[in-house]
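Chemist: Structure: protein-v7.txt, compact mmCIF, C-alpha atoms.
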```txt
# COMPACT_ATOMS: atom_id res chain seq x y z
CA MET A 1 -24.27 -3.15 10.88
CA SER A 2 -20.45 -3.32 11.03
CA PHE A 3 -18.43 -4.74 8.19
CA ALA A 4 -17.59 -7.75 10.33
CA SER A 5 -21.30 -8.66 10.32
CA GLU A 6 -21.70 -7.88 6.63
CA PHE A 7 -18.56 -9.88 5.83
CA ASN A 8 -20.08 -12.99 7.38
CA SER A 9 -23.10 -12.75 5.11
CA LEU A 10 -21.15 -12.14 1.89
CA ALA A 11 -21.47 -14.85 -0.75
CA LEU A 12 -17.69 -15.06 -1.02
CA ALA A 13 -17.54 -18.73 -2.00
CA GLU A 14 -19.91 -18.07 -4.89
CA LEU A 15 -18.01 -14.96 -5.97
CA THR A 16 -14.60 -16.62 -5.82
CA GLY A 17 -16.01 -19.49 -7.87
CA PHE A 18 -17.14 -16.97 -10.47
CA ALA A 19 -13.73 -15.24 -10.32
CA GLN A 20 -12.12 -18.58 -11.22
CA ASN A 21 -14.54 -19.60 -13.92
CA ALA A 22 -15.72 -16.40 -15.62
CA THR A 23 -15.74 -16.66 -19.41
CA ALA A 24 -14.47 -14.25 -22.05
CA ALA A 25 -18.09 -13.15 -22.54
CA ASP A 26 -18.37 -12.37 -18.80
CA VAL A 27 -15.20 -10.27 -19.00
CA GLU A 28 -16.42 -8.40 -22.06
CA ALA A 29 -19.75 -7.71 -20.37
CA ALA A 30 -18.03 -6.46 -17.21
CA LEU A 31 -15.75 -4.21 -19.24
CA ALA A 32 -18.71 -2.84 -21.22
CA ARG A 33 -20.53 -2.05 -17.98
CA SER A 34 -17.39 -0.39 -16.60
CA GLU A 35 -17.06 2.14 -19.38
CA GLY A 36 -18.93 5.40 -19.25
CA VAL A 37 -21.23 4.38 -16.43
CA ALA A 38 -21.42 6.54 -13.33
CA LYS A 39 -22.71 3.65 -11.23
CA ARG A 40 -20.21 1.45 -9.41
CA ILE A 41 -19.78 -2.00 -10.93
CA SER A 42 -21.00 -4.97 -8.93
CA LEU A 43 -18.82 -7.41 -7.03
CA ALA A 44 -19.71 -9.98 -9.69
CA ASP A 45 -18.29 -7.71 -12.41
CA PHE A 46 -15.21 -7.16 -10.25
CA ALA A 47 -14.91 -10.95 -9.99
CA ALA A 48 -14.98 -11.22 -13.78
CA LEU A 49 -12.23 -8.59 -14.07
CA ILE A 50 -9.90 -10.53 -11.77
CA SER A 51 -10.63 -13.88 -13.43
CA PRO A 52 -8.05 -15.91 -15.37
CA ALA A 53 -10.09 -15.14 -18.50
CA ALA A 54 -9.47 -11.40 -17.99
CA ALA A 55 -5.73 -12.04 -17.72
CA ARG A 56 -5.57 -12.75 -21.45
CA PRO A 57 -3.37 -10.10 -23.09
CA GLN A 58 -6.15 -8.37 -25.04
CA TYR A 59 -8.42 -8.02 -21.98
CA LEU A 60 -5.60 -7.04 -19.66
CA GLU A 61 -4.55 -4.31 -22.08
CA ALA A 62 -8.16 -3.10 -22.35
CA MET A 63 -8.39 -3.00 -18.56
CA ALA A 64 -5.08 -1.14 -18.34
CA ARG A 65 -6.29 1.51 -20.77
CA LEU A 66 -9.58 1.97 -18.95
CA SER A 67 -7.76 2.10 -15.63
CA HIS A 68 -5.34 4.68 -17.01
CA ALA A 69 -8.17 6.84 -18.38
CA LEU A 70 -10.12 6.68 -15.10
CA THR A 71 -7.04 7.62 -13.09
CA LEU A 72 -6.37 10.63 -15.32
CA LYS A 73 -10.01 11.67 -15.06
CA HIS A 74 -10.18 11.49 -11.26
CA PHE A 75 -6.63 12.34 -10.20
CA GLY A 76 -4.72 13.78 -13.15
CA ARG A 77 -1.04 13.02 -13.62
CA VAL A 78 -0.07 13.24 -9.98
CA ILE A 79 1.46 10.90 -7.45
CA ARG A 80 1.15 11.70 -3.75
CA PHE A 81 4.40 11.02 -1.90
CA PHE A 82 4.67 9.76 1.65
CA ALA A 83 7.41 8.38 3.86
CA PRO A 84 7.04 5.63 6.47
CA LEU A 85 8.70 6.50 9.77
CA TYR A 86 9.09 3.47 12.01
CA VAL A 87 8.98 4.58 15.64
CA SER A 88 9.22 1.10 17.21
CA ASN A 89 9.70 -2.53 16.22
CA GLU A 90 8.53 -3.93 19.54
CA CYS A 91 5.63 -6.33 19.14
CA ILE A 92 3.54 -8.51 21.39
CA ASN A 93 2.01 -10.50 18.54
CA VAL A 94 3.37 -13.71 17.09
CA CYS A 95 2.70 -13.52 13.36
CA GLN A 96 4.39 -16.10 11.19
CA TYR A 97 5.12 -13.79 8.24
CA CYS A 98 6.30 -10.65 10.05
CA GLY A 99 9.89 -9.71 10.81
CA PHE A 100 8.79 -7.98 14.03
CA SER A 101 7.06 -11.13 15.35
CA ARG A 102 7.49 -11.34 19.14
CA ASP A 103 9.64 -14.46 19.20
CA ASN A 104 12.06 -13.37 16.47
CA PRO A 105 15.43 -12.64 18.14
CA ILE A 106 15.84 -9.27 16.43
CA LEU A 107 17.39 -5.98 17.50
CA ARG A 108 14.57 -3.80 18.76
CA VAL A 109 14.14 -0.21 19.84
CA THR A 110 11.42 2.33 20.50
CA LEU A 111 12.47 5.86 19.59
CA THR A 112 11.98 8.66 22.06
CA VAL A 113 9.72 11.46 20.89
CA ASP A 114 12.81 13.64 20.33
CA GLN A 115 14.32 10.90 18.18
CA VAL A 116 11.11 10.63 16.18
CA VAL A 117 11.29 14.38 15.55
CA THR A 118 14.92 14.05 14.38
CA GLU A 119 14.00 11.28 11.95
CA ALA A 120 11.04 13.31 10.71
CA ARG A 121 13.21 16.39 10.11
CA TYR A 122 15.49 14.31 7.92
CA LEU A 123 12.46 13.24 5.86
CA ARG A 124 11.29 16.83 5.69
CA GLU A 125 14.66 17.81 4.24
CA GLN A 126 14.09 15.16 1.55
CA GLY A 127 10.93 17.02 0.61
CA PHE A 128 8.25 14.90 2.29
CA ARG A 129 5.27 16.59 3.93
CA HIS A 130 3.23 13.43 4.52
CA VAL A 131 4.59 11.04 7.10
CA LEU A 132 3.25 7.62 8.08
CA LEU A 133 4.19 6.68 11.64
CA VAL A 134 4.61 2.90 11.83
CA ALA A 135 5.01 0.70 14.89
CA GLY A 136 4.56 -2.87 16.03
CA GLU A 137 1.85 -3.58 18.57
CA HIS A 138 3.03 -3.48 22.17
CA PRO A 139 1.02 -1.46 24.72
CA HIS A 140 3.97 -1.34 27.11
CA PHE A 141 6.26 0.42 24.63
CA ILE A 142 3.81 2.02 22.19
CA SER A 143 0.99 3.47 24.25
CA GLU A 144 -1.66 5.79 22.91
CA ASN A 145 -0.09 8.57 25.00
CA TYR A 146 3.26 7.99 23.29
CA LEU A 147 1.61 8.10 19.87
CA ARG A 148 -0.35 11.22 20.78
CA GLU A 149 2.85 12.92 21.91
CA CYS A 150 4.68 11.96 18.71
CA VAL A 151 1.84 13.40 16.63
CA ALA A 152 1.61 16.56 18.73
CA ARG A 153 5.34 17.24 18.36
CA LEU A 154 5.29 16.60 14.60
CA HIS A 155 2.07 18.47 13.89
CA PRO A 156 3.60 22.00 13.60
CA GLU A 157 6.02 20.80 10.91
CA TRP A 158 3.94 18.15 9.17
CA PRO A 159 0.72 19.02 7.30
CA SER A 160 -0.22 15.36 6.99
CA ILE A 161 0.39 12.68 9.62
CA SER A 162 -0.94 9.14 9.31
CA LEU A 163 -0.49 6.13 11.55
CA GLU A 164 -0.05 2.43 10.95
CA VAL A 165 -0.03 0.99 14.46
CA GLY A 166 -1.81 -1.66 16.53
CA PRO A 167 -5.60 -1.20 16.51
CA LEU A 168 -7.08 0.89 19.33
CA GLU A 169 -10.50 1.79 20.65
CA ALA A 170 -12.19 4.87 19.15
CA GLU A 171 -11.80 6.63 22.51
CA GLN A 172 -8.06 5.96 22.36
CA TYR A 173 -7.81 7.26 18.80
CA ALA A 174 -9.65 10.51 19.53
CA PRO A 175 -6.79 12.29 21.40
CA ILE A 176 -4.38 11.24 18.64
CA VAL A 177 -6.67 12.80 16.04
CA GLN A 178 -6.99 15.93 18.18
CA ALA A 179 -3.18 16.11 18.34
CA GLY A 180 -3.05 16.37 14.56
CA ALA A 181 -3.21 12.90 12.96
CA GLU A 182 -5.49 12.69 9.95
CA GLY A 183 -4.96 9.20 8.52
CA LEU A 184 -5.09 5.65 9.82
CA VAL A 185 -3.85 2.63 7.90
CA VAL A 186 -4.70 -0.90 8.95
CA TYR A 187 -4.28 -3.90 6.68
CA GLN A 188 -6.37 -6.94 7.41
CA GLU A 189 -3.37 -8.98 6.15
CA THR A 190 -5.68 -11.80 5.02
CA TYR A 191 -9.47 -11.90 4.80
CA ASP A 192 -9.42 -15.70 5.03
CA ARG A 193 -10.44 -16.48 8.60
CA GLY A 194 -8.73 -19.87 8.64
CA VAL A 195 -5.44 -18.59 7.27
CA TYR A 196 -5.66 -15.55 9.55
CA ASP A 197 -6.02 -17.81 12.57
CA ALA A 198 -3.06 -19.95 11.51
CA MET A 199 -0.81 -16.98 10.72
CA HIS A 200 -1.52 -15.05 13.92
CA VAL A 201 -0.38 -17.51 16.53
CA SER A 202 -0.88 -15.34 19.60
CA GLY A 203 -1.42 -11.77 20.74
CA PRO A 204 -4.28 -9.31 20.36
CA LYS A 205 -3.92 -9.41 16.58
CA LYS A 206 -5.44 -12.89 16.64
CA ASP A 207 -8.88 -11.29 16.91
CA PHE A 208 -9.98 -11.13 13.26
CA ASP A 209 -13.14 -9.08 13.81
CA TRP A 210 -11.44 -6.54 16.08
CA ARG A 211 -8.98 -5.77 13.30
CA LEU A 212 -11.66 -5.83 10.59
CA GLU A 213 -13.69 -3.16 12.40
CA THR A 214 -10.69 -0.89 13.02
CA PRO A 215 -11.31 1.51 10.10
CA GLU A 216 -14.85 2.11 11.40
CA ARG A 217 -13.55 2.92 14.89
CA ALA A 218 -10.93 5.21 13.35
CA TYR A 219 -13.62 7.00 11.36
CA ALA A 220 -15.76 7.40 14.48
CA ALA A 221 -12.74 8.97 16.19
CA GLY A 222 -12.40 11.55 13.42
CA PHE A 223 -9.69 10.25 11.08
CA LYS A 224 -10.12 11.80 7.63
CA ARG A 225 -8.15 9.27 5.64
CA LEU A 226 -8.53 5.51 5.98
CA GLY A 227 -6.19 2.96 4.46
CA ILE A 228 -7.01 -0.73 4.04
CA GLY A 229 -5.23 -3.59 2.34
CA ALA A 230 -4.38 -7.26 2.12
CA LEU A 231 -0.92 -8.75 2.39
CA LEU A 232 -0.56 -10.83 -0.74
CA GLY A 233 1.08 -14.20 -0.31
CA LEU A 234 -1.03 -15.67 2.49
CA ALA A 235 -4.21 -16.75 0.67
CA PRO A 236 -5.29 -17.00 -3.00
CA TRP A 237 -5.13 -13.44 -4.31
CA ARG A 238 -8.52 -13.50 -6.05
CA ASN A 239 -10.21 -14.36 -2.76
CA GLU A 240 -8.36 -11.53 -1.03
CA ALA A 241 -9.23 -9.15 -3.86
CA LEU A 242 -12.95 -9.86 -3.57
CA ALA A 243 -13.03 -9.44 0.21
CA LEU A 244 -10.95 -6.27 -0.05
CA ALA A 245 -13.30 -4.88 -2.70
CA ALA A 246 -16.30 -5.67 -0.49
CA HIS A 247 -14.59 -3.95 2.44
CA ALA A 248 -13.81 -0.89 0.31
CA ALA A 249 -17.39 -0.68 -0.99
CA TYR A 250 -18.69 -0.87 2.58
CA LEU A 251 -16.35 1.85 3.87
CA LEU A 252 -17.15 4.16 0.96
CA LYS A 253 -20.79 4.01 1.98
CA LYS A 254 -20.42 3.92 5.75
CA CYS A 255 -17.43 6.25 6.19
CA TRP A 256 -18.28 8.54 3.30
CA MET A 257 -16.65 11.66 4.71
CA ALA A 258 -13.20 10.04 4.79
CA GLN A 259 -10.87 9.48 1.87
CA LEU A 260 -10.12 5.83 1.29
CA THR A 261 -6.88 4.27 0.07
CA ILE A 262 -6.25 0.65 -0.83
CA SER A 263 -2.95 -1.18 -0.87
CA ALA A 264 -2.03 -4.68 -1.99
CA PRO A 265 1.52 -5.28 -0.77
CA ARG A 266 3.25 -8.52 -1.67
CA LEU A 267 5.20 -10.36 1.00
CA ARG A 268 8.91 -9.56 1.10
CA PRO A 269 11.80 -11.41 2.74
CA ALA A 270 11.96 -10.74 6.49
CA ALA A 271 13.38 -12.12 9.74
CA GLY A 272 11.85 -15.53 10.38
CA GLU A 273 12.32 -16.44 6.71
CA PHE A 274 8.66 -17.05 6.13
CA GLU A 275 7.93 -18.22 2.60
CA PRO A 276 4.74 -17.01 0.90
CA LEU A 277 2.01 -19.66 0.97
CA VAL A 278 0.85 -18.56 -2.46
CA ASN A 279 2.49 -16.50 -5.16
CA ILE A 280 1.04 -13.65 -7.15
CA ARG A 281 2.86 -12.89 -10.36
CA ASP A 282 3.48 -9.41 -11.79
CA ARG A 283 0.80 -9.95 -14.44
CA GLU A 284 -1.74 -10.81 -11.73
CA LEU A 285 -0.76 -7.81 -9.62
CA VAL A 286 -1.29 -5.58 -12.66
CA GLN A 287 -4.70 -7.17 -13.19
CA PHE A 288 -5.58 -6.60 -9.53
CA VAL A 289 -4.55 -2.93 -9.65
CA CYS A 290 -6.52 -2.30 -12.83
CA ALA A 291 -9.61 -4.07 -11.47
CA LEU A 292 -9.44 -1.99 -8.29
CA ARG A 293 -9.20 1.24 -10.27
CA ILE A 294 -12.09 0.29 -12.55
CA ALA A 295 -14.26 -0.69 -9.58
CA PHE A 296 -13.25 2.29 -7.43
CA PRO A 297 -12.29 5.20 -9.70
CA GLU A 298 -12.13 7.71 -6.82
CA VAL A 299 -10.09 5.64 -4.37
CA GLY A 300 -6.37 6.18 -3.81
CA LEU A 301 -4.18 3.20 -4.69
CA VAL A 302 -0.93 2.90 -2.75
CA LEU A 303 2.33 1.34 -3.94
CA SER A 304 5.26 0.92 -1.58
CA THR A 305 8.95 0.18 -2.07
CA ARG A 306 8.17 -3.52 -1.66
CA GLU A 307 7.99 -3.62 -5.47
CA SER A 308 10.93 -3.16 -7.83
CA ALA A 309 11.73 0.16 -9.49
CA LYS A 310 10.82 -1.20 -12.90
CA LEU A 311 7.45 -2.55 -11.83
CA ARG A 312 6.65 0.61 -9.87
CA ASP A 313 7.40 2.79 -12.88
CA ASN A 314 5.15 0.66 -15.04
CA LEU A 315 2.31 0.57 -12.49
CA VAL A 316 2.14 4.36 -12.19
CA PRO A 317 0.10 4.92 -15.38
CA LEU A 318 -2.19 2.01 -14.48
CA GLY A 319 -3.87 3.53 -11.46
CA ILE A 320 -1.39 4.18 -8.65
CA THR A 321 -1.90 7.52 -6.89
CA MET A 322 0.30 7.28 -3.81
CA MET A 323 3.89 6.10 -3.38
CA SER A 324 6.60 5.93 -0.78
CA ALA A 325 10.25 6.35 -1.73
CA GLY A 326 13.64 5.89 -0.12
CA SER A 327 11.94 3.97 2.68
CA HIS A 328 13.47 2.37 5.74
CA THR A 329 11.48 -0.28 7.58
CA GLU A 330 13.29 -0.10 10.91
CA PRO A 331 13.11 2.49 13.68
CA GLY A 332 16.00 4.94 13.38
CA GLY A 333 16.67 3.83 9.81
CA TYR A 334 17.05 7.31 8.34
CA THR A 335 19.42 8.97 10.81
CA GLY A 336 20.56 6.18 13.15
CA GLN A 337 18.44 7.36 16.06
CA GLY A 338 18.09 4.89 18.93
CA ARG A 339 21.13 2.79 18.08
CA GLU A 340 22.48 3.21 21.64
CA LYS A 341 19.40 1.43 23.02
CA LEU A 342 19.27 -1.60 20.75
CA HIS A 343 18.18 -4.70 22.60
CA VAL A 344 16.28 -7.94 22.31
CA THR A 345 12.95 -8.25 24.10
CA LYS A 346 11.85 -11.29 26.06
CA GLY A 347 8.69 -11.42 28.12
CA GLY A 348 8.34 -7.65 27.79
CA ARG A 349 11.82 -7.09 29.25
CA MET A 350 14.66 -5.44 27.36
CA LEU A 351 17.80 -7.61 27.40
CA LYS A 352 21.32 -7.00 26.18
CA PRO A 353 21.70 -8.43 22.68
CA GLU A 354 23.53 -11.72 22.71
CA LEU A 355 24.28 -13.84 19.72
CA PRO A 356 22.56 -15.20 17.82
CA VAL A 357 20.34 -12.27 16.86
CA ILE A 358 18.88 -11.52 13.46
CA ALA A 359 20.36 -8.15 12.57
CA SER A 360 20.15 -6.06 9.43
CA GLU A 361 23.31 -4.63 7.89
CA GLY A 362 24.83 -1.80 9.89
CA GLU A 363 24.34 -0.87 13.51
CA HIS A 364 20.62 -0.34 13.77
CA ALA A 365 17.37 -2.08 14.59
CA THR A 366 16.27 -5.03 12.45
CA VAL A 367 14.06 -4.19 9.48
CA GLN A 368 10.45 -5.36 9.18
CA PHE A 369 11.09 -6.48 5.61
CA GLU A 370 13.54 -5.84 2.81
CA ILE A 371 12.58 -3.22 0.26
CA ALA A 372 12.92 -3.79 -3.50
CA ASP A 373 13.11 -0.22 -4.82
CA SER A 374 16.13 1.46 -3.23
CA ARG A 375 16.01 4.68 -5.27
CA SER A 376 16.14 7.92 -3.32
CA PRO A 377 13.03 10.11 -3.10
CA SER A 378 14.58 12.63 -5.52
CA GLU A 379 15.39 9.85 -8.01
CA VAL A 380 11.81 8.57 -7.92
CA ALA A 381 10.48 12.13 -8.24
CA ALA A 382 12.77 12.78 -11.24
CA ARG A 383 11.62 9.56 -12.90
CA LEU A 384 7.97 10.51 -12.41
CA GLU A 385 8.57 13.93 -13.95
CA GLN A 386 10.31 12.24 -16.86
CA MET A 387 7.15 10.14 -17.31
CA GLY A 388 4.99 13.27 -17.34
CA TYR A 389 3.74 12.94 -13.76
CA GLU A 390 3.91 15.47 -10.97
CA PRO A 391 5.20 14.21 -7.62
CA VAL A 392 3.03 15.83 -4.95
CA TRP A 393 4.84 16.22 -1.64
CA LYS A 394 2.08 18.20 0.07
CA ASP A 395 -1.66 18.24 -0.59
CA TRP A 396 -2.98 18.89 2.89
CA GLU A 397 -2.71 21.59 5.52
CA GLY A 398 -2.92 20.82 9.21
CA ALA A 399 -5.38 23.67 9.74
CA LEU A 400 -7.88 21.73 7.61
CA ASN A 401 -8.04 19.09 10.34
CA GLU A 402 -9.99 21.55 12.46
CA ALA A 403 -12.47 22.18 9.62
CA MET B 1 27.41 15.45 -46.22
CA ALA B 2 27.12 12.48 -48.56
CA GLU B 3 26.49 10.23 -45.59
CA ALA B 4 23.76 12.57 -44.35
CA PHE B 5 22.06 12.50 -47.77
CA LYS B 6 22.33 8.72 -47.86
CA ALA B 7 20.68 8.44 -44.45
CA ALA B 8 17.91 10.82 -45.52
CA VAL B 9 17.20 8.84 -48.71
CA ASP B 10 17.18 5.58 -46.74
CA ALA B 11 14.78 7.08 -44.18
CA GLY B 12 12.41 8.28 -46.91
CA ARG B 13 12.46 4.95 -48.72
CA THR B 14 11.83 3.01 -45.49
CA ALA B 15 8.91 5.25 -44.57
CA TYR B 16 7.42 4.89 -48.09
CA GLU B 17 7.68 1.12 -47.99
CA ILE B 18 6.03 0.89 -44.58
CA GLY B 19 3.11 2.99 -45.78
CA LEU B 20 0.40 4.77 -43.81
CA ALA B 21 -1.01 3.30 -40.61
CA PRO B 22 -4.51 1.85 -40.98
CA LYS B 23 -7.38 4.15 -39.97
CA ARG B 24 -9.08 3.32 -36.66
CA LYS B 25 -12.09 4.76 -34.91
CA GLU B 26 -10.23 5.04 -31.61
CA ALA B 27 -6.73 6.10 -30.66
CA ASP B 28 -4.37 3.18 -30.22
CA ALA B 29 -1.24 3.64 -28.11
CA THR B 30 1.82 2.53 -30.02
CA SER B 31 3.30 1.24 -26.74
CA PRO B 32 0.82 -1.00 -24.95
CA LEU B 33 0.47 -0.21 -21.25
CA THR B 34 1.04 -3.85 -20.35
CA GLY B 35 3.84 -4.46 -22.86
CA PHE B 36 6.42 -4.48 -20.06
CA LEU B 37 4.98 -7.78 -18.81
CA ASN B 38 6.33 -9.51 -21.91
CA GLU B 39 9.87 -8.12 -21.61
```
Before anything else, please render the file you have as structure tokens.
Modeler:
Amino acid sequence: MSFASEFNSLALAELTGFAQNATAADVEAALARSEGVAKRISLADFAALISPAAARPQYLEAMARLSHALTLKHFGRVIRFFAPLYVSNECINVCQYCGFSRDNPILRVTLTVDQVVTEARYLREQGFRHVLLVAGEHPHFISENYLRECVARLHPEWPSISLEVGPLEAEQYAPIVQAGAEGLVVYQETYDRGVYDAMHVSGPKKDFDWRLETPERAYAAGFKRLGIGALLGLAPWRNEALALAAHAAYLLKKCWMAQLTISAPRLRPAAGEFEPLVNIRDRELVQFVCALRIAFPEVGLVLSTRESAKLRDNLVPLGITMMSAGSHTEPGGYTGQGREKLHVTKGGRMLKPELPVIASEGEHATVQFEIADSRSPSEVAARLEQMGYEPVWKDWEGALNEA
Amino acid sequence: MAEAFKAAVDAGRTAYEIGLAPKRKEADATSPLTGFLNE
């Protein structure tokens, strides 16, 4: 049974009710069951840990300490570094919250494979050995053959290549895996079907179940790392947290040979000026991270430059295991590749940019969203070392993909 | 040198007046992990 089927039978309404109304005694019981037990806690215990009752300072601190201890036990004092490399900001989908949304009059470009290699070499010089290729969803510009070629060209120089691109069939993923990709990231954005339908106005992304089953197709195609997440700001965060936890628990059982990572990015300002429908405060994000770590001690937790430097530094001891740094969220952002081909896209056709267009500062493609931590990779690495953590630039070797 | 001695005496007196920390069964971080949320 796929997760899409299992998702439909989940008692989410009951669980979210419990997450809202859990008592101090429920939180204490969940915390007691979380400590020193090899067995995974239940979704009901997870619900108690994300409840308003658990946000009280004494419980949140207890969760933070447990989360810290579990992270040290399973990962040590290490943070895996990765860099997003945007290869295209073309997109066929109309999504209300996304800067790349089809109808946004933004400057777009798809890098050639040579340009992708140039951008990647810049990141390599910064120290990165794990790259995440990111693109909008547009079969005309970003075909599976293009992605396979990008991966094949990068593979000799990059031990770890992951993708965050429009969902594909397993048969389409397979050649990309064979070319050297080992990770696939796909965020459901929101697990609320109604909100999902309203946010995704048109395009293939409108199909909720197709997206929900993507990690399973990626696993079937041979990806060794799977990344899932929810974009916080679209639906009540506790509801998203419960669905995300259920998804993670399912994938850990079903796709047990892959490593799983979870991310909970908060919406950032972007073209289109979409305002979050709901807000999640720092305290609640901390609670969410700690609850995820307690429920899934072995799962990687990802934190991007969407969050401020101060918050990122403080979240590191609480369970984060993977971070990006010095990120650009536009194609060509690191070295200016592709600036000679900037255009707007209408009806799949590239047109000369004419005012008014939404452009980011400088002469390059428009960003997907603004980042909040603008420190360089070396500055973030130095800060981690100062905190007693080891920044890990490489933990994988391409040859292992054949194992 | 007199200033250094004065500072040393003050430090000793302050430490004496604060006294020993209470005994606990478990270690207790002096800086709470979530303290930054109150800043």
Chemist: So which one's closest to A:Ala220, A:Tyr173, A:Tyr187, A:Phe3, A:Phe81? Using only C-alpha atoms, please.
Modeler: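 Of A:Tyr173, A:Tyr187, A:Phe3, A:Phe81, the one nearest A:Ala220 is A:Tyr173, counting only C-alpha atoms.
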Chemist: Could you give me, as JSON lines, a per-residue list for chain B showing, wherever an atom lies at most 8 Å from an atom of chain A, the closest pair of atoms and their distance in Å to one decimal, using all atoms listed in the file and sorting by chain then residue number from low to high?
Modeler:
```
{"residue": "B:Pro32", "atom": "CA", "partner": "A:Glu61", "partner_atom": "CA", "distance": 6.9}
{"residue": "B:Leu33", "atom": "CA", "partner": "A:Ala64", "partner_atom": "CA", "distance": 6.3}
{"residue": "B:Thr34", "atom": "CA", "partner": "A:Glu61", "partner_atom": "CA", "distance": 5.9}
{"residue": "B:Phe36", "atom": "CA", "partner": "A:Asn314", "partner_atom": "CA", "distance": 7.3}
{"residue": "B:Leu37", "atom": "CA", "partner": "A:Arg283", "partner_atom": "CA", "distance": 6.4}
```
Chemist: For the atom pair atom CA of A:Leu292 and atom CA of A:Tyr219, what is the interatomic distance in Å to one decimal place?
Modeler: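 Separation between atom CA of A:Leu292 and atom CA of A:Tyr219: 22.0 Å.
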Chemist: First collect every listed atom of stretch 7-10 of chain B; then fit an axis-aligned box around them, widen it by 6 Å on each side, and give centre and edge lengths in Å to one decimal, as lines of an AutoDock Vina configuration file.
Modeler:
```
center_x = 18.9
center_y = 8.2
center_z = -46.6
size_x = 15.5
size_y = 17.2
size_z = 16.3
```
Chemist: Nearest residue to A:Glu137 out of A:Val201, A:Met350, A:Ala218, A:Leu168, using only C-alpha atoms?
Modeler: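 When distances to A:Glu137 are compared using only C-alpha atoms, the smallest one comes from A:Leu168.
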Chemist: Enter the distance from atom CA of A:Ala179 to atom CA of A:Thr214, in Å, rounded to one decimal.
Modeler: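 We find that atom CA of A:Ala179 and atom CA of A:Thr214 lie 19.3 Å from each other.
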Chemist: Point out the residue among A:Arg375, A:Lys352, A:His328, A:Arg266 with the least atom-to-atom distance to A:Ala309, counting all atoms listed in the file.
Modeler: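 Checking each of A:Arg375, A:Lys352, A:His328, A:Arg266 against A:Ala309, counting all atoms listed in the file, the winner is A:Arg375.
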Chemist: Considering all atoms listed in the file, can you say which of A:Asn21, A:Thr261, A:Thr329, A:Thr190 comes closest to A:Val87?
Modeler: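 Of the candidates, the smallest distance to A:Val87 is held by A:Thr329.
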Chemist: I'd like the interatomic distance between atom CA of A:Glu119 and atom CA of A:Gln386, to a tenth of an Å.
Modeler: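 Rounded to one decimal, the two atoms are 29.1 Å apart.
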Chemist: Name the closest residue to A:Thr335 among the candidates A:Leu123, A:Val357, A:Val380, A:Ala11; distances are taken between atoms, counting all atoms listed in the file.
Modeler: A:Leu123
Chemist: Applying 9 Å and all atoms listed in the file, which residues near A:Lys206 remain after dropping the ones on its own chain fewer than 2 positions away? List them as a list in words.
Modeler: Asn93, Val94, Cys95, Tyr196, Asp197, Met199, His200, Val201, Ser202, Gly203, Pro204, Phe208, Trp210 and Arg211 of chain A
Chemist: Env of A:Ser162: 6 Å cut, atoms = only C-alpha atoms, seq-sep filter 3 positions within chain, self excluded. Answer as a short mmCIF file (atom, residue, chain, number, x, y, z; two decimals) with C-alpha atoms, in the frame of the given file.
Modeler:
```
data_model
loop_
_atom_site.label_atom_id
_atom_site.label_comp_id
_atom_site.auth_asym_id
_atom_site.auth_seq_id
_atom_site.Cartn_x
_atom_site.Cartn_y
_atom_site.Cartn_z
CA LEU A 132 3.25 7.62 8.08
CA ALA A 181 -3.21 12.90 12.96
CA GLU A 182 -5.49 12.69 9.95
CA GLY A 183 -4.96 9.20 8.52
CA LEU A 184 -5.09 5.65 9.82
#
```
Chemist: Please determine, counting only C-alpha atoms, which residue among A:Gly338, A:Pro215, A:Gly229, A:Pro84 has the shortest atom-to-atom distance to A:Leu252.
Modeler: A:Pro215
Chemist: Which residues are close to A:Val289, i.e. within 10 Å by only C-alpha atoms, leaving aside same-chain residues fewer than 3 positions away? Reply as a PyMOL selection string.
Modeler: chain A and resi 50+63-64+67+241+262-264+284-286+292-295+301-303+315+318-320
Chemist: Store the residues of this selection in a file with C-alpha atoms, as a compact mmCIF listing (two decimals), keeping the file's coordinate frame.
Modeler:
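To be explicit, this is the file written out as part07.txt:
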```txt
# COMPACT_ATOMS: atom_id res chain seq x y z
CA ILE A 50 -9.90 -10.53 -11.77
CA MET A 63 -8.39 -3.00 -18.56
CA ALA A 64 -5.08 -1.14 -18.34
CA SER A 67 -7.76 2.10 -15.63
CA ALA A 241 -9.23 -9.15 -3.86
CA ILE A 262 -6.25 0.65 -0.83
CA SER A 263 -2.95 -1.18 -0.87
CA ALA A 264 -2.03 -4.68 -1.99
CA GLU A 284 -1.74 -10.81 -11.73
CA LEU A 285 -0.76 -7.81 -9.62
CA VAL A 286 -1.29 -5.58 -12.66
CA LEU A 292 -9.44 -1.99 -8.29
CA ARG A 293 -9.20 1.24 -10.27
CA ILE A 294 -12.09 0.29 -12.55
CA ALA A 295 -14.26 -0.69 -9.58
CA LEU A 301 -4.18 3.20 -4.69
CA VAL A 302 -0.93 2.90 -2.75
CA LEU A 303 2.33 1.34 -3.94
CA LEU A 315 2.31 0.57 -12.49
CA LEU A 318 -2.19 2.01 -14.48
CA GLY A 319 -3.87 3.53 -11.46
CA ILE A 320 -1.39 4.18 -8.65
```
Chemist: For stretch 391-399 of chain A of the block above, can you save C-alpha atoms as an mmCIF file, in the first residue's frame?
Modeler:
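Ended up saving to result30.cif:
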```
data_model
loop_
_atom_site.group_PDB
_atom_site.id
_atom_site.type_symbol
_atom_site.label_atom_id
_atom_site.label_comp_id
_atom_site.auth_asym_id
_atom_site.auth_seq_id
_atom_site.Cartn_x
_atom_site.Cartn_y
_atom_site.Cartn_z
ATOM 1 C CA PRO A 391 31.434 20.820 9.493
ATOM 2 C CA VAL A 392 31.431 17.778 7.206
ATOM 3 C CA TRP A 393 31.888 18.706 3.557
ATOM 4 C CA LYS A 394 32.141 15.130 2.288
ATOM 5 C CA ASP A 395 30.725 11.924 3.749
ATOM 6 C CA TRP A 396 30.055 9.946 0.603
ATOM 7 C CA GLU A 397 32.041 8.575 -2.311
ATOM 8 C CA GLY A 398 30.542 8.184 -5.755
ATOM 9 C CA ALA A 399 31.917 4.656 -6.038
#
```
